>>> print(open('work-v4.cif').read())   # mmCIF, C-alpha atoms
data_start
loop_
_atom_site.label_atom_id
_atom_site.label_comp_id
_atom_site.auth_asym_id
_atom_site.auth_seq_id
_atom_site.Cartn_x
_atom_site.Cartn_y
_atom_site.Cartn_z
CA GLN X 1 -2.01 -6.85 -9.25
CA VAL X 2 -1.63 -9.87 -11.51
CA GLN X 3 0.32 -9.14 -14.69
CA LEU X 4 1.26 -11.47 -17.51
CA VAL X 5 3.49 -10.27 -20.33
CA GLU X 6 4.17 -12.45 -23.35
CA SER X 7 7.11 -12.06 -25.70
CA GLY X 8 8.94 -13.94 -28.43
CA GLY X 9 6.41 -14.05 -31.25
CA GLY X 10 7.22 -13.27 -34.85
CA LEU X 11 7.28 -14.48 -38.42
CA VAL X 12 8.81 -17.87 -39.13
CA GLN X 13 8.86 -20.22 -42.10
CA PRO X 14 7.13 -23.60 -41.98
CA GLY X 15 9.34 -26.10 -40.20
CA GLY X 16 10.99 -23.38 -38.16
CA SER X 17 11.07 -22.75 -34.43
CA LEU X 18 10.10 -20.00 -32.01
CA SER X 19 10.34 -19.67 -28.26
CA LEU X 20 7.72 -17.74 -26.34
CA SER X 21 8.05 -16.40 -22.81
CA CYS X 22 5.50 -15.14 -20.31
CA ALA X 23 6.70 -13.08 -17.37
CA ALA X 24 4.33 -13.12 -14.41
CA SER X 25 4.09 -10.77 -11.46
CA GLY X 26 1.75 -9.77 -8.65
CA PHE X 27 1.01 -13.23 -7.26
CA PRO X 28 2.90 -16.32 -5.97
CA PHE X 29 3.58 -17.78 -9.38
CA ARG X 30 5.05 -21.07 -8.18
CA TYR X 31 1.72 -22.24 -6.75
CA TYR X 32 -0.34 -21.94 -9.93
CA PHE X 33 -0.88 -23.84 -13.14
CA ALA X 34 0.32 -21.76 -16.07
CA ASN X 35 -1.47 -22.07 -19.40
CA TRP X 36 -0.70 -21.17 -22.99
CA TYR X 37 -3.69 -20.55 -25.24
CA ARG X 38 -3.90 -19.45 -28.86
CA GLN X 39 -6.51 -17.88 -31.05
CA ALA X 40 -6.39 -18.01 -34.82
CA PRO X 41 -8.42 -15.61 -36.99
CA GLY X 42 -12.06 -16.64 -37.04
CA LYS X 43 -11.55 -19.41 -34.50
CA GLU X 44 -12.16 -19.84 -30.81
CA ARG X 45 -9.36 -19.56 -28.31
CA GLU X 46 -7.91 -22.99 -27.56
CA LEU X 47 -5.66 -24.41 -24.86
CA VAL X 48 -2.25 -25.30 -26.26
CA ALA X 49 -0.42 -26.53 -23.17
CA ASN X 50 -0.34 -26.15 -19.42
CA ILE X 51 2.01 -26.92 -16.57
CA SER X 52 1.51 -27.27 -12.84
CA GLY X 53 3.33 -25.18 -10.25
CA ALA X 54 6.12 -27.68 -9.66
CA SER X 55 6.11 -28.90 -13.27
CA GLU X 56 4.91 -32.36 -12.23
CA ILE X 57 1.84 -32.20 -14.49
CA ILE X 58 2.10 -31.16 -18.13
CA ASN X 59 -0.59 -31.35 -20.78
CA TYR X 60 -0.61 -30.64 -24.50
CA ALA X 61 -3.26 -30.27 -27.14
CA GLY X 62 -3.12 -33.16 -29.57
CA SER X 63 -2.30 -30.81 -32.43
CA VAL X 64 0.99 -29.70 -30.84
CA LYS X 65 2.09 -32.81 -28.95
CA GLY X 66 5.61 -33.79 -29.94
CA ARG X 67 6.34 -30.38 -31.44
CA PHE X 68 5.82 -27.93 -28.56
CA THR X 69 7.40 -28.01 -25.10
CA ILE X 70 6.13 -26.04 -22.13
CA SER X 71 8.39 -25.32 -19.18
CA ARG X 72 8.70 -22.85 -16.33
CA ASP X 73 11.30 -21.23 -14.13
CA ASN X 74 9.70 -20.32 -10.81
CA ALA X 75 12.80 -18.39 -9.73
CA LYS X 76 12.18 -16.07 -12.70
CA ASN X 77 8.36 -16.18 -12.51
CA THR X 78 8.35 -17.16 -16.18
CA VAL X 79 6.68 -19.82 -18.27
CA TYR X 80 8.00 -20.77 -21.70
CA LEU X 81 6.67 -22.40 -24.84
CA GLN X 82 9.23 -23.84 -27.22
CA MET X 83 7.62 -24.40 -30.60
CA ASN X 84 9.35 -26.59 -33.18
CA SER X 85 8.33 -27.89 -36.60
CA LEU X 86 5.91 -25.03 -36.95
CA LYS X 87 3.06 -25.30 -39.43
CA SER X 88 0.89 -22.68 -41.08
CA GLU X 89 -1.99 -23.79 -38.88
CA ASP X 90 0.00 -22.72 -35.82
CA THR X 91 -0.48 -19.10 -36.90
CA ALA X 92 -2.35 -17.36 -34.09
CA ILE X 93 -2.06 -14.95 -31.23
CA TYR X 94 -0.61 -16.82 -28.26
CA TYR X 95 -1.76 -15.89 -24.76
CA CYS X 96 -0.50 -16.69 -21.30
CA ASN X 97 -3.16 -17.42 -18.68
CA ILE X 98 -3.51 -18.23 -15.02
CA VAL X 99 -6.62 -18.70 -12.91
CA ARG X 100 -6.47 -17.38 -9.39
CA PHE X 101 -9.38 -17.50 -6.94
CA GLY X 102 -11.73 -18.23 -9.81
CA THR X 103 -10.60 -15.26 -11.90
CA ALA X 104 -8.88 -15.79 -15.23
CA TYR X 105 -5.96 -13.47 -15.99
CA TRP X 106 -4.62 -12.97 -19.49
CA GLY X 107 -1.67 -11.32 -21.07
CA ARG X 108 -2.05 -9.16 -24.18
CA GLY X 109 -0.75 -11.94 -26.39
CA THR X 110 2.05 -12.30 -28.91
CA GLN X 111 1.52 -12.88 -32.62
CA VAL X 112 3.00 -15.99 -34.22
CA THR X 113 2.86 -16.15 -38.00
CA VAL X 114 4.05 -19.22 -39.88
CA SER X 115 4.41 -18.46 -43.56
CA SER X 116 6.83 -18.85 -46.42
#
>>> encode(input="work-v4.cif", output="structure tokens")
Amino acid sequence: QVQLVESGGGLVQPGGSLSLSCAASGFPFRYYFANWYRQAPGKERELVANISGASEIINYAGSVKGRFTISRDNAKNTVYLQMNSLKSEDTAIYYCNIVRFGTAYWGRGTQVTVSS
């Protein structure tokens, strides 16, 4: 059974940093792209960043490029999102996602609030 559990969200001031983690289980994590999405109130869910199984391919949304860093540790079945220089518009629920055999799996999400 595929499980994804996010952690690390919280309240941070503009310009601050947060590090998110997503622990995966129930499938061979190292073979799959891992994705971070976010959804702000009243907006559609958007892809923030993703990373291939061996970390050879990494993509970022234009809005976070240069500020966020995605990484993974396949020995720990975990994908990370380091978020620096946070802005109020980064406020959202952040979700971990993988697609396996055509089925999308999601964690429950972790709230990130950027506010002074």
>>> residues_around(input="work-v4.cif", residues="X:Lys76", least_positions_apart="4", cutoff="10 Å", atoms="all atoms listed in the file", output="mmCIF file with C-alpha atoms, keeping the file's coordinate frame")
data_model
loop_
_atom_site.group_PDB
_atom_site.id
_atom_site.type_symbol
_atom_site.label_atom_id
_atom_site.label_comp_id
_atom_site.auth_asym_id
_atom_site.auth_seq_id
_atom_site.Cartn_x
_atom_site.Cartn_y
_atom_site.Cartn_z
ATOM 1 C CA ALA X 23 6.700 -13.080 -17.370
ATOM 2 C CA ALA X 24 4.330 -13.120 -14.410
ATOM 3 C CA SER X 25 4.090 -10.770 -11.460
ATOM 4 C CA PHE X 29 3.580 -17.780 -9.380
ATOM 5 C CA ARG X 30 5.050 -21.070 -8.180
ATOM 6 C CA ARG X 72 8.700 -22.850 -16.330
#
>>> atom_distance(input="work-v4.cif", atom1="atom CA of X:Val99", atom2="atom CA of X:Val2")
10.2 Å
>>> closest_residue(input="work-v4.cif", among="X:Trp36, X:Phe68, X:Tyr60, X:Tyr94", to="X:Ser17", atoms="all atoms listed in the file")
X:Phe68
>>> atom_distance(input="work-v4.cif", atom1="atom CA of X:Ala54", atom2="atom CA of X:Tyr31")
7.6 Å
>>> residues_around(input="work-v4.cif", residues="X:Gly9", least_positions_apart="3", cutoff="7 Å", atoms="only C-alpha atoms", output="list in words")
Leu20, Thr110, Gln111 and Val112 of chain X
>>> atom_distance(input="work-v4.cif", atom1="atom CA of X:Pro14", atom2="atom CA of X:Asp73")
28.3 Å
>>> residues_around(input="work-v4.cif", residues="X:Tyr37", least_positions_apart="6", cutoff="12 Å", atoms="only C-alpha atoms", output="PyMOL selection string")
chain X and resi 6+20+22+44-50+60-61+64+70+81+90+92-98+105-111
>>> closest_residue(input="work-v4.cif", among="X:Leu4, X:Ser55, X:Leu11, X:Thr91", to="X:Asn74", atoms="all atoms listed in the file")
X:Ser55
>>> closest_residue(input="work-v4.cif", among="X:Met83, X:Val114, X:Ala75, X:Ala104", to="X:Pro28", atoms="only C-alpha atoms")
X:Ala75
>>> closest_residue(input="work-v4.cif", among="X:Ser115, X:Ser19, X:Ser52, X:Gln3", to="X:Lys87", atoms="all atoms listed in the file")
X:Ser115
>>> closest_residue(input="work-v4.cif", among="X:Gly15, X:Gly102, X:Gly10, X:Gly62", to="X:Asn84", atoms="all atoms listed in the file")
X:Gly15
>>> closest_residue(input="work-v4.cif", among="X:Asn59, X:Val79, X:Glu89, X:Val12", to="X:Lys43", atoms="only C-alpha atoms")
X:Glu89
>>> build_atoms(input="work-v4.cif", residues="stretch 102-115 of chain X", atoms="N, CA and C atoms", output="JSON list (two decimals), keeping the file's coordinate frame")
[["chain", "number", "residue", "atom", "x", "y", "z"],
["X", 102, "GLY", "N", -10.61, -18.21, -8.89],
["X", 102, "GLY", "CA", -11.73, -18.23, -9.81],
["X", 102, "GLY", "C", -11.72, -17.16, -10.89],
["X", 103, "THR", "N", -10.70, -16.32, -10.90],
["X", 103, "THR", "CA", -10.60, -15.26, -11.90],
["X", 103, "THR", "C", -9.51, -15.61, -12.90],
["X", 104, "ALA", "N", -9.85, -15.51, -14.19],
["X", 104, "ALA", "CA", -8.88, -15.79, -15.23],
["X", 104, "ALA", "C", -8.13, -14.50, -15.59],
["X", 105, "TYR", "N", -6.81, -14.60, -15.61],
["X", 105, "TYR", "CA", -5.96, -13.47, -15.99],
["X", 105, "TYR", "C", -5.25, -13.80, -17.29],
["X", 106, "TRP", "N", -5.19, -12.80, -18.17],
["X", 106, "TRP", "CA", -4.62, -12.97, -19.49],
["X", 106, "TRP", "C", -3.57, -11.92, -19.77],
["X", 107, "GLY", "N", -2.55, -12.31, -20.52],
["X", 107, "GLY", "CA", -1.67, -11.32, -21.07],
["X", 107, "GLY", "C", -2.28, -10.72, -22.33],
["X", 108, "ARG", "N", -1.54, -9.80, -22.96],
["X", 108, "ARG", "CA", -2.05, -9.16, -24.18],
["X", 108, "ARG", "C", -1.84, -10.04, -25.41],
["X", 109, "GLY", "N", -0.99, -11.04, -25.28],
["X", 109, "GLY", "CA", -0.75, -11.94, -26.39],
["X", 109, "GLY", "C", 0.44, -11.55, -27.24],
["X", 110, "THR", "N", 0.95, -12.54, -27.97],
["X", 110, "THR", "CA", 2.05, -12.30, -28.91],
["X", 110, "THR", "C", 1.72, -13.03, -30.20],
["X", 111, "GLN", "N", 1.90, -12.34, -31.32],
["X", 111, "GLN", "CA", 1.52, -12.88, -32.62],
["X", 111, "GLN", "C", 2.59, -13.85, -33.13],
["X", 112, "VAL", "N", 2.13, -15.02, -33.55],
["X", 112, "VAL", "CA", 3.00, -15.99, -34.22],
["X", 112, "VAL", "C", 2.44, -16.22, -35.62],
["X", 113, "THR", "N", 3.26, -15.97, -36.62],
["X", 113, "THR", "CA", 2.86, -16.15, -38.00],
["X", 113, "THR", "C", 3.82, -17.13, -38.67],
["X", 114, "VAL", "N", 3.25, -18.21, -39.20],
["X", 114, "VAL", "CA", 4.05, -19.22, -39.88],
["X", 114, "VAL", "C", 3.71, -19.15, -41.36],
["X", 115, "SER", "N", 4.67, -18.69, -42.14],
["X", 115, "SER", "CA", 4.41, -18.46, -43.56],
["X", 115, "SER", "C", 5.72, -18.45, -44.32]]
